[in-house]
file upload-v6.tsv (TSV, C-alpha atoms)
chain	number	residue	atom	x	y	z
A	1	MET	CA	8.23	-67.64	43.40
A	2	ALA	CA	7.54	-69.31	40.06
A	3	MET	CA	6.01	-72.57	38.86
A	4	PRO	CA	7.29	-75.03	36.24
A	5	ARG	CA	5.09	-74.05	33.29
A	6	ASP	CA	4.15	-77.59	32.28
A	7	GLU	CA	3.07	-78.39	35.85
A	8	CYS	CA	1.00	-75.24	35.81
A	9	LEU	CA	-0.65	-76.31	32.54
A	10	LYS	CA	-1.33	-79.79	33.94
A	11	VAL	CA	-3.32	-78.15	36.75
A	12	LEU	CA	-5.44	-76.37	34.14
A	13	ALA	CA	-5.89	-79.63	32.19
A	14	ARG	CA	-7.14	-81.39	35.35
A	15	HIS	CA	-9.77	-78.72	36.00
A	16	ARG	CA	-10.82	-78.16	32.38
A	17	THR	CA	-14.13	-79.59	31.24
A	18	ASP	CA	-15.46	-78.25	27.92
A	19	GLU	CA	-13.71	-74.87	27.79
A	20	ILE	CA	-12.00	-73.63	24.64
A	21	VAL	CA	-8.29	-73.13	25.33
A	22	VAL	CA	-6.33	-70.66	23.17
A	23	ALA	CA	-2.59	-71.13	23.68
A	24	VAL	CA	0.41	-69.30	22.23
A	25	TYR	CA	4.09	-70.06	21.74
A	26	LYS	CA	5.80	-72.04	24.53
A	27	ALA	CA	2.57	-72.68	26.38
A	28	ALA	CA	1.03	-73.90	23.12
A	29	GLN	CA	4.00	-76.19	22.38
A	30	GLU	CA	3.50	-77.82	25.78
A	31	TRP	CA	-0.30	-77.68	25.80
A	32	ILE	CA	-0.61	-79.79	22.61
A	33	HIS	CA	1.18	-82.59	24.48
A	34	ILE	CA	-0.64	-82.13	27.79
A	35	SER	CA	-4.19	-81.68	26.45
A	36	HIS	CA	-5.97	-83.93	23.98
A	37	SER	CA	-9.10	-81.90	23.33
A	38	GLU	CA	-10.31	-80.84	19.89
A	39	LEU	CA	-11.27	-77.51	21.48
A	40	ASP	CA	-7.65	-76.37	21.67
A	41	TYR	CA	-6.89	-73.36	19.45
A	42	THR	CA	-3.26	-72.60	18.63
A	43	PHE	CA	-3.79	-71.03	15.20
A	44	THR	CA	-2.95	-67.47	16.21
A	45	GLY	CA	-0.77	-66.74	13.18
A	46	ALA	CA	1.20	-63.75	14.47
A	47	MET	CA	2.84	-62.91	17.79
A	48	GLY	CA	0.67	-61.06	20.28
A	49	GLN	CA	-2.64	-62.08	18.72
A	50	GLY	CA	-3.78	-64.93	20.99
A	51	SER	CA	-6.10	-62.93	23.22
A	52	SER	CA	-7.67	-61.22	20.18
A	53	HIS	CA	-8.54	-64.60	18.61
A	54	ALA	CA	-9.92	-65.59	22.01
A	55	LEU	CA	-12.06	-62.46	22.18
A	56	GLY	CA	-13.60	-63.32	18.80
A	57	LEU	CA	-14.32	-66.85	19.99
A	58	ALA	CA	-15.78	-65.61	23.28
A	59	LEU	CA	-18.06	-63.06	21.60
A	60	GLY	CA	-19.15	-65.49	18.90
A	61	ARG	CA	-19.89	-68.30	21.36
A	62	PRO	CA	-21.07	-66.72	24.61
A	63	ASP	CA	-22.27	-70.17	25.72
A	64	LYS	CA	-18.66	-71.49	25.83
A	65	ARG	CA	-15.97	-70.49	28.28
A	66	VAL	CA	-12.67	-69.46	26.70
A	67	VAL	CA	-9.29	-69.63	28.45
A	68	VAL	CA	-6.28	-67.86	26.89
A	69	LEU	CA	-2.74	-68.96	27.71
A	70	ASP	CA	-0.89	-65.84	26.62
A	71	GLY	CA	2.83	-65.11	26.91
A	72	ASP	CA	4.37	-62.00	28.46
A	73	GLY	CA	6.34	-61.08	25.33
A	74	SER	CA	3.21	-61.70	23.28
A	75	LEU	CA	1.01	-59.56	25.49
A	76	LEU	CA	3.53	-56.71	25.34
A	77	MET	CA	3.06	-56.68	21.56
A	78	ASN	CA	-0.68	-56.20	21.92
A	79	LEU	CA	-1.27	-54.33	25.18
A	80	GLY	CA	-4.29	-52.56	23.72
A	81	THR	CA	-6.03	-55.93	23.84
A	82	LEU	CA	-6.51	-55.43	27.59
A	83	VAL	CA	-8.63	-52.35	26.93
A	84	THR	CA	-10.44	-53.95	23.99
A	85	ILE	CA	-11.35	-57.03	26.04
A	86	ALA	CA	-12.39	-55.05	29.11
A	87	ASN	CA	-14.55	-52.81	26.94
A	88	ALA	CA	-16.21	-55.73	25.13
A	89	ALA	CA	-16.60	-57.37	28.58
A	90	PRO	CA	-17.15	-61.03	27.62
A	91	ARG	CA	-18.28	-62.84	30.76
A	92	ASN	CA	-16.88	-66.10	29.38
A	93	LEU	CA	-13.22	-65.07	28.91
A	94	ILE	CA	-10.33	-65.90	31.24
A	95	HIS	CA	-7.06	-64.33	30.14
A	96	CYS	CA	-4.01	-66.05	31.62
A	97	VAL	CA	-0.49	-64.83	30.96
A	98	CYS	CA	2.47	-67.13	31.53
A	99	GLN	CA	5.01	-64.63	32.81
A	100	ASN	CA	8.59	-65.85	32.62
A	101	GLY	CA	10.22	-62.48	31.94
A	102	THR	CA	11.80	-63.54	28.66
A	103	TYR	CA	11.18	-64.04	24.97
A	104	GLU	CA	11.75	-67.74	25.61
A	105	SER	CA	11.03	-68.92	22.05
A	106	ASN	CA	13.39	-66.29	20.65
A	107	GLY	CA	16.59	-66.90	22.55
A	108	ALA	CA	15.34	-66.23	26.10
A	109	VAL	CA	16.25	-62.53	25.88
A	110	PRO	CA	14.62	-60.61	28.77
A	111	ILE	CA	11.43	-58.69	28.01
A	112	PRO	CA	11.55	-54.92	28.62
A	113	GLY	CA	10.36	-54.03	32.09
A	114	ALA	CA	10.72	-57.61	33.27
A	115	ARG	CA	11.65	-56.63	36.82
A	116	GLN	CA	8.90	-54.13	37.54
A	117	LEU	CA	5.89	-54.51	35.28
A	118	SER	CA	2.61	-55.93	36.51
A	119	PHE	CA	0.20	-57.22	33.87
A	120	ALA	CA	-2.41	-57.81	36.56
A	121	ALA	CA	-2.27	-54.13	37.52
A	122	MET	CA	-2.68	-53.14	33.86
A	123	ALA	CA	-5.61	-55.51	33.43
A	124	ARG	CA	-7.22	-54.18	36.60
A	125	ALA	CA	-6.80	-50.59	35.40
A	126	ALA	CA	-8.19	-51.54	31.98
A	127	GLY	CA	-11.37	-52.82	33.61
A	128	TYR	CA	-11.13	-56.62	33.92
A	129	LEU	CA	-13.65	-57.81	36.48
A	130	ALA	CA	-11.04	-59.52	38.68
A	131	THR	CA	-7.32	-60.29	38.54
A	132	TYR	CA	-5.22	-63.00	40.17
A	133	GLU	CA	-1.53	-63.78	40.49
A	134	PHE	CA	0.00	-67.14	41.25
A	135	GLY	CA	3.60	-68.14	41.85
A	136	ARG	CA	3.06	-71.29	43.89
A	137	LEU	CA	1.67	-74.44	42.32
A	138	ASP	CA	-0.45	-75.44	45.32
A	139	ASP	CA	-2.16	-72.02	45.37
A	140	TRP	CA	-2.95	-72.26	41.65
A	141	ALA	CA	-4.16	-75.85	42.03
A	142	ARG	CA	-6.48	-74.80	44.88
A	143	GLU	CA	-7.99	-71.78	43.05
A	144	ALA	CA	-8.05	-72.84	39.38
A	145	GLY	CA	-11.37	-74.71	39.50
A	146	GLY	CA	-13.19	-71.76	41.07
A	147	ILE	CA	-11.67	-69.27	38.65
A	148	LEU	CA	-12.81	-71.35	35.68
A	149	ARG	CA	-16.41	-71.04	36.88
A	150	GLN	CA	-16.29	-67.30	37.65
A	151	ASP	CA	-17.78	-64.55	35.46
A	152	GLY	CA	-15.20	-62.58	33.49
A	153	PRO	CA	-13.39	-61.05	31.92
A	154	LEU	CA	-10.80	-62.34	34.37
A	155	PHE	CA	-7.04	-61.94	34.27
A	156	VAL	CA	-4.61	-64.44	35.77
A	157	THR	CA	-0.84	-63.97	35.95
A	158	LEU	CA	0.99	-67.28	36.21
A	159	HIS	CA	4.62	-66.73	37.21
A	160	VAL	CA	6.45	-69.57	35.49
A	161	VAL	CA	9.86	-70.99	34.70
A	162	PRO	CA	10.63	-73.63	32.06
A	163	GLY	CA	9.70	-77.13	33.21
A	164	ALA	CA	10.18	-80.39	31.34
A	165	ASP	CA	11.20	-80.31	27.69
A	166	TYR	CA	8.54	-80.96	25.05
A	167	PRO	CA	9.23	-81.30	21.32
A	168	GLU	CA	8.36	-78.15	19.39
A	169	ASP	CA	6.08	-78.38	16.38
A	170	PHE	CA	5.34	-74.99	14.87
A	171	ARG	CA	3.73	-76.56	11.81
A	172	ARG	CA	1.15	-78.29	14.04
A	173	LEU	CA	0.43	-75.05	15.94
A	174	TYR	CA	-0.64	-73.16	12.82
A	175	ASP	CA	-1.93	-76.07	10.74
A	176	VAL	CA	-5.13	-75.16	8.89
A	177	GLU	CA	-6.37	-78.79	8.92
A	178	HIS	CA	-6.20	-78.83	12.71
A	179	ARG	CA	-7.95	-75.46	12.75
A	180	GLU	CA	-10.75	-76.97	10.69
A	181	ILE	CA	-10.99	-79.88	13.15
A	182	PHE	CA	-11.33	-77.28	15.91
A	183	ARG	CA	-13.97	-75.37	13.95
A	184	ARG	CA	-16.06	-78.48	13.35
A	185	ALA	CA	-15.69	-79.58	16.98
A	186	LEU	CA	-16.85	-76.16	18.15
A	187	GLN	CA	-19.83	-76.21	15.80
A	188	ALA	CA	-20.82	-79.59	17.19
A	189	SER	CA	-20.34	-78.60	20.80
B	1	MET	CA	-18.42	-36.35	-10.12
B	2	PRO	CA	-21.45	-38.02	-8.43
B	3	GLY	CA	-21.53	-38.40	-4.64
B	4	GLY	CA	-20.14	-41.39	-2.83
B	5	PRO	CA	-21.90	-44.71	-2.32
B	6	PRO	CA	-25.00	-44.27	-0.14
B	7	ALA	CA	-24.21	-45.29	3.42
B	8	ARG	CA	-27.68	-46.79	3.81
B	9	ASP	CA	-27.02	-49.10	0.85
B	10	ILE	CA	-23.61	-50.13	2.19
B	11	ILE	CA	-25.09	-51.02	5.58
B	12	GLY	CA	-27.93	-52.88	3.87
B	13	GLU	CA	-25.46	-54.92	1.83
B	14	ILE	CA	-23.35	-55.65	4.93
B	15	LYS	CA	-26.43	-57.15	6.58
B	16	ARG	CA	-27.46	-58.98	3.39
B	17	ALA	CA	-24.01	-60.60	3.43
B	18	GLY	CA	-24.87	-62.16	6.80
B	19	ILE	CA	-22.51	-59.99	8.81
B	20	SER	CA	-23.48	-59.58	12.45
B	21	PHE	CA	-20.25	-58.16	13.95
B	22	VAL	CA	-18.43	-54.98	12.90
B	23	VAL	CA	-14.92	-54.76	14.34
B	24	ALA	CA	-13.85	-51.16	14.02
B	25	LEU	CA	-11.37	-48.40	14.58
B	26	PRO	CA	-12.61	-44.96	13.50
B	27	ASP	CA	-11.57	-43.53	10.13
B	28	ARG	CA	-12.51	-40.06	8.98
B	29	THR	CA	-13.81	-41.38	5.63
B	30	THR	CA	-16.31	-43.75	7.23
B	31	SER	CA	-16.90	-42.63	10.85
B	32	GLU	CA	-19.74	-40.21	10.33
B	33	ARG	CA	-21.92	-42.04	7.84
B	34	LEU	CA	-20.99	-45.70	8.41
B	35	LEU	CA	-19.57	-46.32	11.88
B	36	LYS	CA	-21.89	-44.02	13.82
B	37	PRO	CA	-25.08	-45.49	12.27
B	38	VAL	CA	-23.67	-49.00	12.74
B	39	LEU	CA	-23.01	-48.24	16.41
B	40	ALA	CA	-26.70	-47.38	16.76
B	41	ASP	CA	-27.92	-50.39	14.74
B	42	PRO	CA	-29.39	-53.16	16.89
B	43	ASP	CA	-28.68	-55.81	14.22
B	44	LEU	CA	-24.92	-55.22	14.28
B	45	ARG	CA	-22.62	-55.63	17.27
B	46	VAL	CA	-19.61	-53.32	17.16
B	47	VAL	CA	-16.33	-54.38	18.74
B	48	GLN	CA	-14.08	-51.35	19.09
B	49	VAL	CA	-10.37	-52.15	18.90
B	50	CYS	CA	-7.32	-50.15	19.92
B	51	LYS	CA	-5.22	-51.35	16.95
B	52	GLU	CA	-6.30	-52.76	13.62
B	53	ASP	CA	-4.29	-56.00	13.83
B	54	GLU	CA	-6.34	-57.01	16.87
B	55	GLY	CA	-9.34	-56.77	14.59
B	56	VAL	CA	-7.87	-59.19	12.05
B	57	SER	CA	-7.58	-61.81	14.79
B	58	ILE	CA	-10.96	-61.07	16.37
B	59	CYS	CA	-12.50	-61.70	12.93
B	60	GLY	CA	-10.57	-65.00	12.81
B	61	GLY	CA	-11.99	-66.06	16.18
B	62	LEU	CA	-15.50	-65.05	15.14
B	63	PHE	CA	-15.17	-67.12	11.95
B	64	CYS	CA	-14.37	-70.23	13.99
B	65	ALA	CA	-17.31	-69.41	16.24
B	66	GLY	CA	-19.61	-69.41	13.20
B	67	LYS	CA	-20.15	-65.65	12.97
B	68	ARG	CA	-19.52	-63.32	10.03
B	69	ALA	CA	-17.65	-60.09	10.72
B	70	LEU	CA	-16.52	-56.94	8.94
B	71	LEU	CA	-13.31	-55.12	9.86
B	72	LEU	CA	-13.92	-51.38	9.34
B	73	ILE	CA	-10.62	-49.46	9.31
B	74	GLN	CA	-8.54	-46.80	7.56
B	75	TYR	CA	-5.92	-47.73	4.94
B	76	THR	CA	-3.12	-46.74	7.33
B	77	GLY	CA	-4.45	-49.41	9.70
B	78	LEU	CA	-4.36	-51.92	6.88
B	79	LEU	CA	-0.73	-51.02	6.21
B	80	ASP	CA	-0.04	-51.39	9.94
B	81	SER	CA	-1.64	-54.85	9.99
B	82	ILE	CA	0.33	-56.47	7.16
B	83	ASN	CA	1.86	-59.16	9.39
B	84	ALA	CA	-1.47	-60.13	10.95
B	85	LEU	CA	-3.01	-60.25	7.48
B	86	ARG	CA	-0.11	-62.40	6.33
B	87	GLY	CA	-0.24	-64.86	9.24
B	88	VAL	CA	-3.87	-64.86	10.34
B	89	ALA	CA	-5.86	-64.06	7.21
B	90	VAL	CA	-3.79	-65.42	4.29
B	91	GLU	CA	-1.66	-68.26	5.73
B	92	GLY	CA	-4.24	-69.03	8.41
B	93	ARG	CA	-7.03	-69.07	5.80
B	94	ASN	CA	-9.44	-66.80	7.64
B	95	PRO	CA	-12.08	-64.95	5.60
B	96	VAL	CA	-11.29	-61.53	7.06
B	97	CYS	CA	-13.56	-59.08	5.26
B	98	MET	CA	-12.20	-55.55	5.44
B	99	MET	CA	-13.87	-52.27	4.60
B	100	VAL	CA	-11.04	-49.79	4.26
B	101	GLY	CA	-11.39	-46.02	4.05
B	102	LEU	CA	-8.98	-44.44	1.57
B	103	LEU	CA	-8.62	-41.16	3.45
B	104	GLY	CA	-7.61	-38.32	1.16
B	105	LYS	CA	-8.05	-40.14	-2.15
B	106	GLU	CA	-8.97	-37.75	-4.90
B	107	PRO	CA	-12.53	-38.51	-6.17
B	108	GLY	CA	-12.51	-40.28	-9.54
B	109	VAL	CA	-8.77	-40.94	-9.45
B	110	PRO	CA	-7.72	-44.62	-9.20
B	111	PRO	CA	-5.84	-45.28	-5.93
B	112	THR	CA	-2.68	-46.23	-7.84
B	113	ARG	CA	-2.69	-42.74	-9.45
B	114	SER	CA	-3.27	-40.80	-6.24
B	115	GLN	CA	-0.94	-37.97	-5.34
B	116	ARG	CA	-0.51	-39.67	-1.99
B	117	TYR	CA	2.20	-42.32	-1.71
B	118	GLY	CA	0.36	-44.21	1.03
B	119	LEU	CA	-2.71	-44.59	-1.15
B	120	ARG	CA	-0.76	-45.53	-4.29
B	121	ILE	CA	0.79	-48.55	-2.58
B	122	VAL	CA	-2.42	-50.08	-1.13
B	123	GLU	CA	-3.58	-52.07	-4.16
B	124	PRO	CA	-0.08	-53.24	-5.20
B	125	ILE	CA	0.49	-54.52	-1.66
B	126	LEU	CA	-2.85	-56.35	-1.66
B	127	ASP	CA	-1.99	-57.81	-5.07
B	128	ALA	CA	1.41	-58.95	-3.83
B	129	MET	CA	-0.31	-60.67	-0.88
B	130	GLY	CA	-2.90	-62.26	-3.15
B	131	ILE	CA	-5.75	-60.45	-1.37
B	132	GLU	CA	-8.83	-59.76	-3.49
B	133	HIS	CA	-9.94	-56.13	-3.45
B	134	HIS	CA	-12.71	-53.95	-4.86
B	135	LEU	CA	-13.09	-50.20	-5.05
B	136	ILE	CA	-16.39	-48.95	-3.60
B	137	GLU	CA	-16.53	-45.35	-4.75
B	138	GLN	CA	-19.64	-44.82	-6.85
B	139	PRO	CA	-23.24	-45.63	-5.82
B	140	ASP	CA	-23.37	-48.66	-8.11
B	141	ASP	CA	-20.20	-50.17	-6.58
B	142	VAL	CA	-22.11	-51.44	-3.55
B	143	ARG	CA	-23.16	-54.42	-5.70
B	144	HIS	CA	-19.69	-55.86	-5.16
B	145	ILE	CA	-20.11	-56.20	-1.39
B	146	VAL	CA	-22.26	-59.34	-1.04
B	147	PRO	CA	-20.48	-61.45	-3.71
B	148	ALA	CA	-17.08	-60.42	-2.33
B	149	VAL	CA	-18.04	-61.50	1.20
B	150	GLU	CA	-19.56	-64.76	-0.06
B	151	ARG	CA	-16.41	-65.51	-2.06
B	152	ALA	CA	-14.22	-64.77	0.98
B	153	TYR	CA	-16.11	-67.33	3.08
B	154	ASP	CA	-16.21	-69.88	0.24
B	155	ARG	CA	-12.46	-69.60	-0.30
B	156	MET	CA	-11.55	-68.98	3.37
B	157	ALA	CA	-9.51	-65.99	2.17
B	158	PRO	CA	-9.52	-62.28	3.03
B	159	VAL	CA	-11.04	-59.52	0.92
B	160	ALA	CA	-10.63	-55.73	1.01
B	161	LEU	CA	-13.47	-53.37	0.05
B	162	LEU	CA	-11.79	-50.03	-0.50
B	163	ILE	CA	-14.04	-47.04	0.21
B	164	GLY	CA	-12.88	-44.48	-2.34
B	165	GLN	CA	-14.80	-41.48	-1.05
B	166	GLU	CA	-16.95	-40.59	1.93
B	167	PRO	CA	-20.31	-42.36	1.69
B	168	ALA	CA	-23.29	-40.15	0.94

call {"tool": "encode", "arguments": {"input": "upload-v6.tsv", "output": "structure tokens"}}
result
Amino acid sequence: MAMPRDECLKVLARHRTDEIVVAVYKAAQEWIHISHSELDYTFTGAMGQGSSHALGLALGRPDKRVVVLDGDGSLLMNLGTLVTIANAAPRNLIHCVCQNGTYESNGAVPIPGARQLSFAAMARAAGYLATYEFGRLDDWAREAGGILRQDGPLFVTLHVVPGADYPEDFRRLYDVEHREIFRRALQAS
Amino acid sequence: MPGGPPARDIIGEIKRAGISFVVALPDRTTSERLLKPVLADPDLRVVQVCKEDEGVSICGGLFCAGKRALLLIQYTGLLDSINALRGVAVEGRNPVCMMVGLLGKEPGVPPTRSQRYGLRIVEPILDAMGIEHHLIEQPDDVRHIVPAVERAYDRMAPVALLIGQEPA
């Protein structure tokens, strides 16, 4: 079972209040159209780094909740982040991975281990406080609000497939001016 | 050849620069006299990473959260993190302040004249990337730390403080 990714992100947008959302690659390309908050952070700069940026944000602002929308190919490039995050143990961090089994932005080539790997199992073994997996939209819609209020670090696998098409804008994702808007908004919040 | 820069002075300058987080992966040059005391220092929070490029991005997140951080690593970790430094620190304009142990550098010998290939290429690579760097090898070199960190935050650009020999 898998969910259209944009529908999955719309569920998160409906439940989000003042959380910081760090999004990477395809999720980020869709999130910038679905969300209109200044607390969206897409300035991750290099593949695999989203959750590490999020950890810095979570440690620096323990009063704010931080949600990461990671990708499976991205997370594979930075698996040590699971141990680093679990060890730092930020209570305000929710690490979601959009698992589609491919490097979707890079030609949709399958990721290694796509058929058997479990990121939730790795996160659990690394020491995340709780892990969840969703493949059905109604389950995710029912649980998302509660998960956003729970103490972390939490890990959520979202099994997704491509949904509607959204225009890509890599320049916007990494734009320093938008990053400065985020930084000012966070200072003020 | 006098001893290395006093560790107590380095830690004092780190604090004077407003740094409250040290993001670290152990390096033989700095573990004993810098990282271990920092781990025990209540004024500094240490975030241990599994790979140095994580640290580049954690520093980026901390910057946006209004906190100053130092990335304490070995030069091999710097070489391993070139793409993160390119994308996150330089293009992303994050003031990632690195303290980099030059493991195996011969005392008194400039890094570019080291017998070791890996050490010889560090400064030319930083120059090619436009990353400011300073050698912290003698006791008096610690004076570079605070202005270098201030400049990094003013310019929103990375800086590398290269530890040329084990601190005293």

call {"tool": "residues_near_point", "arguments": {"input": "upload-v6.tsv", "point": "(13.9, -68.0, 24.2)", "cutoff": "12 Å", "atoms": "only C-alpha atoms", "output": "short mmCIF file (atom, residue, chain, number, x, y, z; two decimals) with C-alpha atoms, in the coordinates of the input"}}
result
data_model
loop_
_atom_site.label_atom_id
_atom_site.label_comp_id
_atom_site.auth_asym_id
_atom_site.auth_seq_id
_atom_site.Cartn_x
_atom_site.Cartn_y
_atom_site.Cartn_z
CA TYR A 25 4.09 -70.06 21.74
CA LYS A 26 5.80 -72.04 24.53
CA GLY A 71 2.83 -65.11 26.91
CA GLY A 73 6.34 -61.08 25.33
CA ASN A 100 8.59 -65.85 32.62
CA GLY A 101 10.22 -62.48 31.94
CA THR A 102 11.80 -63.54 28.66
CA TYR A 103 11.18 -64.04 24.97
CA GLU A 104 11.75 -67.74 25.61
CA SER A 105 11.03 -68.92 22.05
CA ASN A 106 13.39 -66.29 20.65
CA GLY A 107 16.59 -66.90 22.55
CA ALA A 108 15.34 -66.23 26.10
CA VAL A 109 16.25 -62.53 25.88
CA PRO A 110 14.62 -60.61 28.77
CA ILE A 111 11.43 -58.69 28.01
CA VAL A 161 9.86 -70.99 34.70
CA PRO A 162 10.63 -73.63 32.06
#

call {"tool": "closest_atom_pairs", "arguments": {"input": "upload-v6.tsv", "of": "chain B", "to": "chain A", "cutoff": "12 Å", "atoms": "all atoms listed in the file", "output": "tab-separated table"}}
result
residue	atom	partner	partner_atom	distance
B:Ile19	CA	A:Gly60	CA	12.0
B:Ser20	CA	A:Gly60	CA	9.8
B:Phe21	CA	A:Gly60	CA	8.9
B:Val22	CA	A:Gly56	CA	11.3
B:Val23	CA	A:Gly56	CA	9.7
B:Ala24	CA	A:Thr84	CA	10.9
B:Leu25	CA	A:Thr84	CA	11.0
B:Arg45	CA	A:Leu59	CA	9.7
B:Val46	CA	A:Ala88	CA	9.0
B:Val47	CA	A:Ala88	CA	6.5
B:Gln48	CA	A:Thr84	CA	6.6
B:Val49	CA	A:Thr84	CA	5.4
B:Cys50	CA	A:Gly80	CA	5.4
B:Lys51	CA	A:Gly80	CA	6.9
B:Glu52	CA	A:Gly80	CA	10.3
B:Asp53	CA	A:Gln49	CA	8.0
B:Glu54	CA	A:Ser52	CA	5.5
B:Gly55	CA	A:Ser52	CA	7.3
B:Val56	CA	A:Ser52	CA	8.4
B:Ser57	CA	A:His53	CA	4.8
B:Ile58	CA	A:Gly56	CA	4.2
B:Cys59	CA	A:Gly56	CA	6.2
B:Gly60	CA	A:His53	CA	6.2
B:Gly61	CA	A:Gly56	CA	4.1
B:Leu62	CA	A:Gly56	CA	4.5
B:Phe63	CA	A:Gly56	CA	8.0
B:Cys64	CA	A:Arg183	CA	5.2
B:Ala65	CA	A:Gly60	CA	5.1
B:Gly66	CA	A:Gly60	CA	6.9
B:Lys67	CA	A:Gly60	CA	6.0
B:Arg68	CA	A:Gly60	CA	9.1
B:Ala69	CA	A:Gly56	CA	9.6
B:Ser81	CA	A:Ala46	CA	10.4
B:Ile82	CA	A:Ala46	CA	10.4
B:Asn83	CA	A:Ala46	CA	6.9
B:Ala84	CA	A:Ala46	CA	5.7
B:Leu85	CA	A:Ala46	CA	8.9
B:Arg86	CA	A:Gly45	CA	8.1
B:Gly87	CA	A:Gly45	CA	4.4
B:Val88	CA	A:Gly45	CA	4.6
B:Ala89	CA	A:Gly45	CA	8.3
B:Val90	CA	A:Gly45	CA	9.5
B:Glu91	CA	A:Gly45	CA	7.7
B:Gly92	CA	A:Val176	CA	6.2
B:Arg93	CA	A:Val176	CA	7.1
B:Asn94	CA	A:Val176	CA	9.5
B:Met156	CA	A:Val176	CA	10.5

call {"tool": "closest_residue", "arguments": {"input": "upload-v6.tsv", "among": "B:Val142, B:Gly4, B:Gly130, B:Ser31", "to": "Gly108 of chain B", "atoms": "only C-alpha atoms"}}
result
B:Gly4

call {"tool": "closest_residue", "arguments": {"input": "upload-v6.tsv", "among": "B:Pro5, B:Val122, B:Asp127, B:Lys15", "to": "Asp80 of chain B", "atoms": "all atoms listed in the file"}}
result
B:Val122

call {"tool": "closest_residue", "arguments": {"input": "upload-v6.tsv", "among": "A:Arg136, A:Arg65, A:Arg172, A:His95", "to": "Ile20 of chain A", "atoms": "all atoms listed in the file"}}
result
A:Arg65

call {"tool": "closest_residue", "arguments": {"input": "upload-v6.tsv", "among": "A:Val160, A:Ala141, A:Arg115, A:Asn92", "to": "Ala13 of chain A", "atoms": "only C-alpha atoms"}}
result
A:Ala141

call {"tool": "residues_around", "arguments": {"input": "upload-v6.tsv", "residues": "Val11 of chain A", "least_positions_apart": "6", "cutoff": "9 Å", "atoms": "only C-alpha atoms", "output": "list in words"}}
result
Leu137, Trp140, Ala141 and Ala144 of chain A

call {"tool": "closest_residue", "arguments": {"input": "upload-v6.tsv", "among": "B:Arg16, B:Arg28, B:Arg155, B:His144", "to": "Lys105 of chain B", "atoms": "all atoms listed in the file"}}
result
B:Arg28
